[in-house]
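Printed here is target06.cif (mmCIF, C-alpha atoms):
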data_query
#
loop_
_atom_site.label_atom_id
_atom_site.label_comp_id
_atom_site.auth_asym_id
_atom_site.auth_seq_id
_atom_site.Cartn_x
_atom_site.Cartn_y
_atom_site.Cartn_z
CA ASP L 10 97.09 105.15 105.07
CA SER L 11 95.62 101.83 103.86
CA GLY L 12 92.79 101.82 106.39
CA VAL L 13 94.01 98.58 107.99
CA THR L 14 94.98 99.03 111.64
CA GLN L 15 97.33 96.74 113.52
CA THR L 16 98.20 96.81 117.19
CA PRO L 17 100.63 96.83 118.83
CA LYS L 18 103.29 98.28 116.53
CA HIS L 19 106.12 96.73 118.52
CA LEU L 20 106.24 93.80 120.90
CA ILE L 21 109.16 92.39 122.83
CA THR L 22 108.68 89.15 124.72
CA ALA L 23 110.61 86.18 126.05
CA THR L 24 110.90 82.69 124.65
CA GLY L 25 108.08 80.39 125.68
CA GLN L 26 105.58 83.21 126.06
CA ARG L 27 102.28 83.80 124.26
CA VAL L 28 101.22 87.00 122.49
CA THR L 29 98.15 88.25 120.63
CA LEU L 30 98.32 90.54 117.61
CA ARG L 31 95.24 92.48 116.59
CA CYS L 32 94.00 93.66 113.21
CA SER L 33 91.08 95.88 112.22
CA PRO L 34 90.34 95.59 108.48
CA ARG L 35 89.26 98.39 106.16
CA SER L 36 85.61 99.31 106.49
CA GLY L 37 83.50 96.88 104.46
CA ASP L 38 86.26 94.32 103.87
CA LEU L 39 85.25 90.76 104.74
CA SER L 40 88.57 89.01 104.10
CA VAL L 41 91.52 89.20 106.46
CA TYR L 42 94.94 87.72 105.73
CA TRP L 43 97.94 87.27 108.01
CA TYR L 44 101.51 87.27 106.71
CA GLN L 45 104.91 86.87 108.33
CA GLN L 46 107.93 88.73 106.96
CA SER L 47 111.46 87.77 107.94
CA LEU L 48 114.75 88.75 106.35
CA ASP L 49 115.53 85.28 105.02
CA GLN L 50 112.03 84.05 104.06
CA GLY L 51 110.41 87.19 102.73
CA LEU L 52 106.63 87.58 103.00
CA GLN L 53 104.94 84.27 103.83
CA PHE L 54 101.18 83.73 103.84
CA LEU L 55 99.91 82.31 107.13
CA ILE L 56 96.12 82.20 107.10
CA GLN L 57 92.99 83.80 105.62
CA TYR L 58 89.57 84.40 107.16
CA TYR L 59 86.46 85.42 105.28
CA ASN L 60 83.44 86.76 107.17
CA GLY L 61 84.38 84.90 110.33
CA GLU L 62 85.31 81.57 108.75
CA GLU L 63 88.75 80.18 108.04
CA ARG L 64 89.16 80.09 104.27
CA ALA L 65 92.77 79.17 103.50
CA LYS L 66 95.90 78.11 105.34
CA GLY L 67 99.45 78.72 104.34
CA ASN L 68 102.68 78.12 106.20
CA ILE L 69 101.19 78.57 109.65
CA LEU L 70 102.79 76.69 112.53
CA GLU L 71 100.66 74.65 114.91
CA ARG L 72 101.77 76.98 117.72
CA PHE L 73 100.01 79.81 115.90
CA SER L 74 96.27 80.30 115.61
CA ALA L 75 93.93 83.02 114.44
CA GLN L 76 90.29 83.98 114.52
CA GLN L 77 87.98 86.59 113.04
CA PHE L 78 85.26 88.03 115.21
CA PRO L 79 81.69 89.10 114.31
CA ASP L 80 82.81 92.72 114.00
CA LEU L 81 85.39 91.41 111.45
CA HIS L 82 88.48 92.29 113.42
CA SER L 83 91.00 89.50 113.65
CA GLU L 84 93.55 88.27 116.15
CA LEU L 85 96.68 86.18 115.59
CA ASN L 86 97.80 84.20 118.62
CA LEU L 87 101.41 83.06 118.82
CA SER L 88 102.36 80.67 121.61
CA SER L 89 105.47 78.89 122.92
CA LEU L 90 107.47 81.58 121.20
CA GLU L 91 110.93 80.83 119.87
CA LEU L 92 113.75 83.16 118.81
CA GLY L 93 113.00 82.30 115.19
CA ASP L 94 109.49 83.72 115.49
CA SER L 95 110.95 87.23 115.58
CA ALA L 96 109.59 88.92 112.47
CA LEU L 97 107.21 91.51 111.12
CA TYR L 98 103.63 90.29 111.13
CA PHE L 99 101.28 91.92 108.65
CA CYS L 100 97.55 91.87 108.37
CA ALA L 101 95.85 92.62 105.06
CA SER L 102 92.21 92.95 104.10
CA SER L 103 90.16 92.86 100.93
CA PRO L 104 86.45 93.02 100.07
CA GLY L 105 86.52 89.36 99.01
CA GLY L 106 89.03 86.59 98.42
CA ASP L 107 89.71 87.52 94.81
CA ALA L 108 90.45 91.22 95.12
CA GLU L 109 93.67 93.05 95.82
CA ALA L 110 94.57 93.17 99.48
CA PHE L 111 95.62 96.25 101.42
CA PHE L 112 98.20 95.86 104.15
CA GLY L 113 98.50 97.33 107.59
CA GLN L 114 101.72 98.78 108.99
CA GLY L 115 102.63 95.58 110.75
CA THR L 116 103.59 94.43 114.23
CA ARG L 117 107.30 93.96 114.83
CA LEU L 118 107.72 91.01 117.20
CA THR L 119 111.04 90.48 118.93
CA VAL L 120 111.51 87.30 120.95
CA VAL L 121 114.45 87.43 123.37
CA GLU O 6 104.11 74.59 94.50
CA ASP O 7 103.75 78.20 93.40
CA GLN O 8 107.04 80.04 92.87
CA VAL O 9 107.91 83.67 92.26
CA THR O 10 111.44 84.79 91.41
CA GLN O 11 112.35 88.45 91.15
CA SER O 12 115.44 89.92 89.55
CA PRO O 13 117.64 91.71 90.11
CA GLU O 14 117.76 91.50 93.92
CA ALA O 15 119.01 95.07 94.04
CA LEU O 16 119.27 97.87 91.50
CA ARG O 17 120.87 101.27 91.77
CA LEU O 18 119.95 103.88 89.15
CA GLN O 19 120.63 107.52 88.57
CA GLU O 20 117.65 109.85 88.65
CA GLY O 21 116.05 109.81 85.21
CA GLU O 22 117.62 106.49 84.21
CA SER O 23 114.81 104.15 83.10
CA SER O 24 114.93 100.40 83.76
CA SER O 25 112.82 97.27 84.25
CA LEU O 26 112.31 94.83 87.10
CA ASN O 27 111.54 91.21 86.32
CA CYS O 28 109.17 88.76 88.00
CA SER O 29 109.14 85.14 86.81
CA TYR O 30 106.38 82.92 88.14
CA THR O 31 105.10 79.37 88.24
CA VAL O 32 101.55 78.92 89.45
CA SER O 33 98.76 76.47 88.90
CA GLY O 34 96.04 78.47 87.22
CA LEU O 35 96.95 82.13 87.66
CA ARG O 36 94.13 84.21 89.13
CA GLY O 37 96.13 87.42 89.30
CA LEU O 38 99.63 88.85 89.50
CA PHE O 39 100.16 91.71 91.92
CA TRP O 40 102.81 94.38 92.30
CA TYR O 41 103.41 96.08 95.64
CA ARG O 42 105.84 98.71 96.82
CA GLN O 43 107.31 98.47 100.32
CA ASP O 44 109.20 101.18 102.17
CA PRO O 45 111.46 100.21 105.11
CA GLY O 46 109.47 99.29 108.22
CA LYS O 47 106.14 99.81 106.45
CA GLY O 48 103.46 97.54 105.05
CA PRO O 49 103.35 96.75 101.33
CA GLU O 50 101.47 99.33 99.28
CA PHE O 51 99.31 98.02 96.43
CA LEU O 52 100.30 99.14 92.93
CA PHE O 53 98.76 96.92 90.23
CA THR O 54 96.86 93.72 89.51
CA LEU O 55 97.28 91.97 86.16
CA TYR O 56 94.98 89.14 85.17
CA SER O 57 95.88 87.91 81.70
CA ALA O 58 98.83 87.76 79.31
CA GLY O 59 99.17 90.92 77.27
CA GLU O 60 97.61 93.13 79.91
CA GLU O 61 99.37 96.39 80.81
CA LYS O 62 98.71 98.94 83.56
CA GLU O 63 100.29 102.32 84.24
CA LYS O 64 100.56 104.63 87.20
CA GLU O 65 102.70 107.75 87.03
CA ARG O 66 106.24 106.57 86.17
CA LEU O 67 105.40 102.87 86.56
CA LYS O 68 104.09 100.45 83.96
CA ALA O 69 103.43 96.76 84.60
CA THR O 70 103.15 94.12 81.88
CA LEU O 71 102.30 90.43 81.95
CA THR O 72 103.19 87.39 79.83
CA LYS O 73 102.39 83.73 80.49
CA LYS O 74 105.63 83.25 82.43
CA GLU O 75 106.72 86.64 83.68
CA SER O 76 105.85 90.20 84.49
CA PHE O 77 107.88 93.36 84.14
CA LEU O 78 107.68 96.57 86.09
CA HIS O 79 109.05 99.36 83.92
CA ILE O 80 110.19 102.53 85.65
CA THR O 81 110.49 105.57 83.41
CA ALA O 82 112.61 108.55 84.41
CA PRO O 83 112.61 107.57 88.10
CA LYS O 84 112.94 110.04 90.95
CA PRO O 85 114.56 109.48 94.37
CA GLU O 86 111.12 109.02 95.92
CA ASP O 87 110.69 105.89 93.81
CA SER O 88 113.35 104.22 95.96
CA ALA O 89 111.74 101.22 97.69
CA THR O 90 111.50 97.45 97.55
CA TYR O 91 109.14 96.28 94.81
CA LEU O 92 107.36 93.02 95.48
CA CYS O 93 105.66 90.73 92.99
CA ALA O 94 103.06 88.18 94.07
CA VAL O 95 100.75 85.64 92.46
CA GLN O 96 97.37 84.28 93.44
CA ARG O 97 96.12 80.99 92.07
CA GLY O 98 92.65 80.51 90.70
CA GLY O 99 89.73 80.31 93.09
CA GLY O 100 90.76 83.33 95.09
CA ALA O 101 90.75 81.45 98.35
CA ASP O 102 94.49 81.37 98.78
CA GLY O 103 96.81 84.01 100.01
CA LEU O 104 99.45 85.55 97.82
CA THR O 105 102.80 83.92 97.09
CA PHE O 106 105.41 86.66 97.13
CA GLY O 107 108.82 86.97 95.57
CA LYS O 108 111.68 88.28 97.70
CA GLY O 109 111.56 91.65 95.99
CA THR O 110 113.85 94.03 94.15
CA HIS O 111 115.47 96.71 96.28
CA LEU O 112 115.56 99.83 94.10
CA ILE O 113 117.69 102.86 94.89
CA ILE O 114 117.42 106.02 92.81
CA GLN O 115 120.34 108.38 93.31
CA PRO O 116 119.87 112.15 92.76
#
Take the structure in this file and express it as structure tokens.
Amino acid sequence: DSGVTQTPKHLITATGQRVTLRCSPRSGDLSVYWYQQSLDQGLQFLIQYYNGEERAKGNILERFSAQQFPDLHSELNLSSLELGDSALYFCASSPGGDAEAFFGQGTRLTVV
Amino acid sequence: EDQVTQSPEALRLQEGESSSLNCSYTVSGLRGLFWYRQDPGKGPEFLFTLYSAGEEKEKERLKATLTKKESFLHITAPKPEDSATYLCAVQRGGGADGLTFGKGTHLIIQP
């Protein structure tokens, strides 16, 4: 158990809908990262937050957004969902931006 | 653009048969190179971080090494429980970026 908690574990929704994925980082970790894993693309970095502030952006679509709250948990919002958004979404946390990150068990999103 | 290429894509070994996995990388100012293990349907599990050429780290049957262009994950006398996908990732200097991952090597150890 990495100490990073993600909910829900599975999510099935229809195209055009909006969903929110939740992540609770390890105790004491200030950095939260979101990644998307699909069969063809592998693990892709989406976005990083550090102590409530956005710190780095990767390949995140404009339809996707994230935030980190004062208690350091984070949410990833995915809107206007398309079939191609079906993937595993992972959250990871680390004490700071330059330390190894520990991953949660992921949320499997299926868009039908 | 940072790039990470892992080879082979898949590897099947007999129990006890040692081998190496390769990770070639291109990154602007390497901050660290990371190895993770991922089991099906699970999140990646951290194994090692390497920071500079010549550095080596070991954990049980695994040993990771780093040069200026590539990293190797050596697996000595593997057991079936070592079967997993092994992922390599790089982080550029500054520490403010996420990791760039390779597509992984799917390792199967047969009893």
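For the structure shown here, the set of residues caught by the PyMOL selection byres ((chain O and resi 22) around 10) is Arg17, Leu18, Gln19, Glu20, Gly21, Ser23, Ser24, Ile80, Thr81, Ala82, Pro83, Lys84, Ile114 and Gln115 of chain O.
Atom CA of Gln8 of chain O lies 20.1 Å from atom CA of Ser25 of chain O.
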Problem - Selection result for the PyMOL selection byres ((chain L and resi 35) around 12) on this file, as a PyMOL selection string - result: chain L and resi 10-15+32-34+36-41+80-83+100-105+110-113
What are the nearest atom pairs, with distances in Å to one decimal, for all residues of chain O that come at most 7 Å from chain L, using all atoms listed in the file, set out by chain and rising residue number as JSON lines?
{"residue": "O:Lys47", "atom": "CA", "partner": "L:Gln114", "partner_atom": "CA", "distance": 5.2}
{"residue": "O:Gly48", "atom": "CA", "partner": "L:Gln114", "partner_atom": "CA", "distance": 4.5}
{"residue": "O:Pro49", "atom": "CA", "partner": "L:Phe112", "partner_atom": "CA", "distance": 5.9}
{"residue": "O:Glu50", "atom": "CA", "partner": "L:Phe112", "partner_atom": "CA", "distance": 6.8}
{"residue": "O:Phe51", "atom": "CA", "partner": "L:Phe111", "partner_atom": "CA", "distance": 6.5}
{"residue": "O:Gly100", "atom": "CA", "partner": "L:Asp107", "partner_atom": "CA", "distance": 4.3}
{"residue": "O:Ala101", "atom": "CA", "partner": "L:Gly106", "partner_atom": "CA", "distance": 5.4}
{"residue": "O:Asp102", "atom": "CA", "partner": "L:Ala65", "partner_atom": "CA", "distance": 5.5}
{"residue": "O:Gly103", "atom": "CA", "partner": "L:Phe54", "partner_atom": "CA", "distance": 5.8}
{"residue": "O:Leu104", "atom": "CA", "partner": "L:Phe54", "partner_atom": "CA", "distance": 6.5}
{"residue": "O:Thr105", "atom": "CA", "partner": "L:Phe54", "partner_atom": "CA", "distance": 6.9}
{"residue": "O:Phe106", "atom": "CA", "partner": "L:Leu52", "partner_atom": "CA", "distance": 6.1}
{"residue": "O:Lys108", "atom": "CA", "partner": "L:Gly51", "partner_atom": "CA", "distance": 5.3}
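Omitting segment 17-31 of chain L and its sequence neighbours fewer than 2 positions away, and counting only C-alpha atoms, the residues within 6 Å are Gln15, Ser83, Glu84, Leu85, Asn86, Leu87, Ser88, Ser89, Leu90, Glu91, Thr116, Arg117, Leu118, Thr119, Val120 and Val121 of chain L.
Picked out by the PyMOL selection byres ((chain O and resi 9-12) around 7) when it runs on this file: Asp7, Gln8, Pro13, Glu14, Leu26, Asn27, Cys28, Ser29, Tyr30, Thr31, Ala94, Phe106, Gly107, Lys108, Gly109 and Thr110 of chain O.
Coordinates place atom CA of Arg66 of chain O at a distance of 11.2 Å from atom CA of Glu86 of chain O.
Atom CA of Trp40 of chain O is found 5.4 Å from atom CA of Leu52 of chain O.
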Practice task
Could you give me, as a ChimeraX atom specification, the residues that have an atom at most 6 Å away from the point (98.9, 87.3, 88.9) in the coordinates of the file, using all atoms listed in the file?
Solution key: /O:35-39,55-56,95-96
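Of the listed residues O:Leu112, O:Thr54, O:Glu60, O:Ala15, the one whose atoms come nearest to Ser88 of chain O is O:Leu112, with distances taken using all atoms listed in the file.
For the residues L:Ser95, L:Gln45, L:Gln76, L:Thr16, ranking by smallest atom-to-atom distance to Glu62 of chain L using all atoms listed in the file places L:Gln76 first.
For the choices O:Ser57, O:Glu65, O:Pro116, O:Arg42, the atom-to-atom distance to Thr90 of chain O is smallest for O:Arg42 when using only C-alpha atoms.
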